[in-house]
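Asker: Handing you this structure, nothing more for now.
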Amino acid sequence: MERHEAQLKLSELVGQDLRQLAGQYGITVWKDKKLNKGWAGQVIERHLGLPLNSSRAPNLGSWELKLVSLKRSPNGELKVKETMAITMIDPVEVCNKSFEESHLFRKLSKALIVARVYEGPDEQKSIVYKVTDFQLSDQSVYEQVKADYELVRQTIITQGFSALTGKMGVLIQPRTKGPGHGSTSRAFYARTNFVKKIVGL
DNA sequence: CTATGATCATCC
DNA sequence: GGATGATCATAG
């Protein structure tokens with residue numbers, strides 16, 4: 001499936017309730033009393049007619065699907081609820097590749113971002129807010145993302161992989177993320193400010 | 001058991 | 001309330 005075609009199909013979902021669609025597609029949102037964290041993505045994959053095992057952001061052809069949740073602030077305004085995981089950090093790759101060659105840049109360039117409204121931990125309903133075909137077209141944003149990448153790169157080279165913390169970066173941050181229980185792997189995350197720019201809030 | 005995306009828990 | 005660090009579900 002081409003990226004553009006996927007985007008057209010995704011835009012059909014705007015304004016719809018993913019919770020209802022989940023029931024329609026037979027996707028389990030709650031297993032016992034625990035949330036299936038991948039449910040929203042699965043609903044979307046089903047809508048596109050994709051196999052359900054492509055959740056690991058492989059190359060679904062020539063593009064990549066990302067989900068972000070939004071929340072309402074007290075005055076009813078929509079804001080970005082969480083940072084967005086972009087891709088794992090491979091210290092070797094980061095050291096050896098420039099920003100333009102990096103996995104981070106490639107992923108950002110090919111991403112289709114689906115923003116959904118998070119109504120609460122119970123996920124009783126979740127409306128699709130908008131679908132964004134993200135391009136790193138804004139020059140100032142591009143430069144800042146590149147600067148953040150370079151900061152991570154220099155830190156790994158001069159202080160080592162373990163010196164990275166989530167405090168670094170302006171738009172992109174390196175953050176711990178593993179299977180839990182002591183893993184030390186890290187990933188690039190888009191800060192909420194960045195996600196805000198991406199989605200166009 | 002490990003990798004990955006997405007979300008939760010805790011700190012300030 | 002927002003940011004940082006850690007965990008959960010699922011697939012291989």
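Identifiers for the structure tokens are assigned positionally: chains receive A, B, ... in sequence, residues are indexed from 1 per chain, and ligands are indexed from 1 in the order shown.
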Based on only C-alpha atoms (C1' of nucleotides), which of the residues in chain A come within 9 Å of chain B? I want them as a list in words.

Answerer: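 Residues passing the distance filter: Lys37, Gly38, Ser55, Arg56, Ala57, Lys66, Leu67, Val68, Glu82, Met84, Ala85, Ile86, Thr87, Met88, Gly178 and Pro179 of chain A.
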
Asker: Please, which residues of chain C lie no more than 7 Å from chain A when the count uses only C-alpha atoms (C1' of nucleotides), and can they be set out as a ChimeraX atom specification?

Answerer: /C:4-7,9,11

Asker: Name the residues of range 5-179 of chain A that fall into alpha helix (DSSP H) according to DSSP on the backbone, using the chain letters and numbers of this document, as a VMD selection string.

Answerer: chain A and resid 5 to 11 18 to 25 39 to 48 91 to 96 103 to 110 139 to 159

Asker: Please determine, counting only C-alpha atoms, which residue among A:Val117, A:Val94, A:Val80, A:Val145 has the shortest atom-to-atom distance to Asn193 in chain A.

Answerer: A:Val80

Asker: Env of Gln7 in chain A: 9 Å cut, atoms = only C-alpha atoms (C1' of nucleotides), seq-sep filter 2 positions within chain, self excluded. Answer as a PyMOL selection string.

Answerer: chain A and resi 2-5+9-12+112+131-133

Asker: As JSON, numbers by chain, please: every residue in range 75-192 of chain A that a backbone DSSP assignment puts in strand (DSSP E).

Answerer: {"A": [78, 79, 80, 84, 85, 86, 87, 88, 111, 112, 113, 114, 115, 116, 117, 128, 129, 130, 131, 132, 133, 172, 173, 174, 175, 176, 186, 187, 188, 189, 190]}

Asker: For the selection you just gave me, I'd like the residues written to a file as a tab-separated table (two decimals), in the first residue's frame, keeping N, CA, C and O atoms.

Answerer:
```
chain	number	residue	atom	x	y	z
A	78	LEU	N	-7.37	21.20	23.47
A	78	LEU	CA	-6.68	19.93	23.32
A	78	LEU	C	-5.17	20.11	23.43
A	78	LEU	O	-4.59	21.01	22.84
A	79	LYS	N	-4.56	19.24	24.19
A	79	LYS	CA	-3.10	19.30	24.33
A	79	LYS	C	-2.53	17.89	24.14
A	79	LYS	O	-3.25	16.90	24.23
A	80	VAL	N	-1.24	17.85	23.91
A	80	VAL	CA	-0.59	16.55	23.76
A	80	VAL	C	-0.43	15.92	25.13
A	80	VAL	O	0.07	16.55	26.05
A	84	MET	N	6.05	10.93	22.36
A	84	MET	CA	5.84	9.86	21.40
A	84	MET	C	7.16	9.11	21.15
A	84	MET	O	8.17	9.72	20.83
A	85	ALA	N	7.12	7.81	21.31
A	85	ALA	CA	8.31	7.00	21.03
A	85	ALA	C	8.54	7.00	19.51
A	85	ALA	O	7.60	6.77	18.75
A	86	ILE	N	9.73	7.28	19.09
A	86	ILE	CA	10.02	7.32	17.66
A	86	ILE	C	10.77	6.07	17.21
A	86	ILE	O	10.29	5.32	16.39
A	87	THR	N	11.93	5.85	17.78
A	87	THR	CA	12.69	4.67	17.40
A	87	THR	C	13.77	4.41	18.44
A	87	THR	O	14.17	5.28	19.18
A	88	MET	N	14.26	3.19	18.46
A	88	MET	CA	15.31	2.83	19.40
A	88	MET	C	16.63	3.52	19.02
A	88	MET	O	16.88	3.77	17.85
A	111	ALA	N	6.64	9.12	8.46
A	111	ALA	CA	5.58	8.82	9.41
A	111	ALA	C	4.22	9.41	9.05
A	111	ALA	O	4.13	10.51	8.53
A	112	LEU	N	3.20	8.63	9.31
A	112	LEU	CA	1.83	9.11	9.27
A	112	LEU	C	1.38	9.09	10.73
A	112	LEU	O	1.40	8.06	11.37
A	113	ILE	N	0.99	10.23	11.23
A	113	ILE	CA	0.65	10.34	12.63
A	113	ILE	C	-0.85	10.43	12.84
A	113	ILE	O	-1.50	11.28	12.26
A	114	VAL	N	-1.38	9.55	13.66
A	114	VAL	CA	-2.80	9.57	13.98
A	114	VAL	C	-2.95	10.08	15.41
A	114	VAL	O	-2.42	9.49	16.34
A	115	ALA	N	-3.66	11.18	15.57
A	115	ALA	CA	-3.88	11.74	16.90
A	115	ALA	C	-5.26	11.34	17.38
A	115	ALA	O	-6.24	11.52	16.68
A	116	ARG	N	-5.32	10.77	18.57
A	116	ARG	CA	-6.62	10.38	19.12
A	116	ARG	C	-6.80	11.06	20.47
A	116	ARG	O	-5.83	11.40	21.14
A	117	VAL	N	-8.05	11.27	20.84
A	117	VAL	CA	-8.33	11.95	22.10
A	117	VAL	C	-8.45	10.93	23.22
A	117	VAL	O	-9.24	10.00	23.15
A	128	VAL	N	-10.88	9.97	16.99
A	128	VAL	CA	-9.72	10.34	16.18
A	128	VAL	C	-9.80	11.83	15.88
A	128	VAL	O	-10.80	12.31	15.35
A	129	TYR	N	-8.76	12.54	16.24
A	129	TYR	CA	-8.76	13.99	16.06
A	129	TYR	C	-8.29	14.38	14.66
A	129	TYR	O	-8.93	15.12	13.96
A	130	LYS	N	-7.15	13.85	14.29
A	130	LYS	CA	-6.70	14.14	12.93
A	130	LYS	C	-5.56	13.22	12.52
A	130	LYS	O	-4.93	12.58	13.36
A	131	VAL	N	-5.32	13.19	11.24
A	131	VAL	CA	-4.24	12.38	10.69
A	131	VAL	C	-3.26	13.33	10.05
A	131	VAL	O	-3.65	14.23	9.30
A	132	THR	N	-2.00	13.15	10.35
A	132	THR	CA	-1.01	14.07	9.84
A	132	THR	C	0.05	13.35	9.02
A	132	THR	O	0.60	12.35	9.43
A	133	ASP	N	0.28	13.89	7.87
A	133	ASP	CA	1.35	13.39	7.01
A	133	ASP	C	2.55	14.25	7.32
A	133	ASP	O	2.69	15.35	6.79
A	172	ILE	N	13.62	16.58	20.55
A	172	ILE	CA	13.82	15.14	20.63
A	172	ILE	C	14.61	14.84	21.89
A	172	ILE	O	15.57	15.52	22.19
A	173	GLN	N	14.22	13.82	22.60
A	173	GLN	CA	14.97	13.46	23.80
A	173	GLN	C	15.33	11.97	23.76
A	173	GLN	O	14.58	11.16	23.23
A	174	PRO	N	16.50	11.63	24.34
A	174	PRO	CA	16.86	10.22	24.48
A	174	PRO	C	16.29	9.75	25.81
A	174	PRO	O	16.48	10.41	26.82
A	175	ARG	N	15.59	8.66	25.82
A	175	ARG	CA	14.88	8.27	27.04
A	175	ARG	C	14.99	6.77	27.26
A	175	ARG	O	15.00	6.01	26.31
A	176	THR	N	15.04	6.36	28.51
A	176	THR	CA	15.11	4.94	28.80
A	176	THR	C	13.82	4.27	28.37
A	176	THR	O	12.75	4.84	28.46
A	186	ARG	N	17.64	2.50	25.18
A	186	ARG	CA	17.04	3.82	25.10
A	186	ARG	C	16.43	4.06	23.74
A	186	ARG	O	16.75	3.39	22.77
A	187	ALA	N	15.57	5.06	23.70
A	187	ALA	CA	14.90	5.37	22.43
A	187	ALA	C	14.79	6.88	22.26
A	187	ALA	O	14.88	7.63	23.23
A	188	PHE	N	14.60	7.30	21.02
A	188	PHE	CA	14.33	8.71	20.75
A	188	PHE	C	12.84	8.93	20.97
A	188	PHE	O	12.01	8.18	20.46
A	189	TYR	N	12.55	9.97	21.72
A	189	TYR	CA	11.16	10.35	21.94
A	189	TYR	C	10.94	11.77	21.43
A	189	TYR	O	11.83	12.61	21.55
A	190	ALA	N	9.77	12.02	20.92
A	190	ALA	CA	9.41	13.38	20.51
A	190	ALA	C	8.78	14.04	21.73
A	190	ALA	O	7.82	13.53	22.29
```

Asker: Show which residues sit within 9 Å of Asp17 in chain A, as number ranges by chain. Count only C-alpha atoms (C1' of nucleotides), and ignore same-chain residues fewer than 2 positions away.

Answerer: A: 13-15, 19-22, 125-128
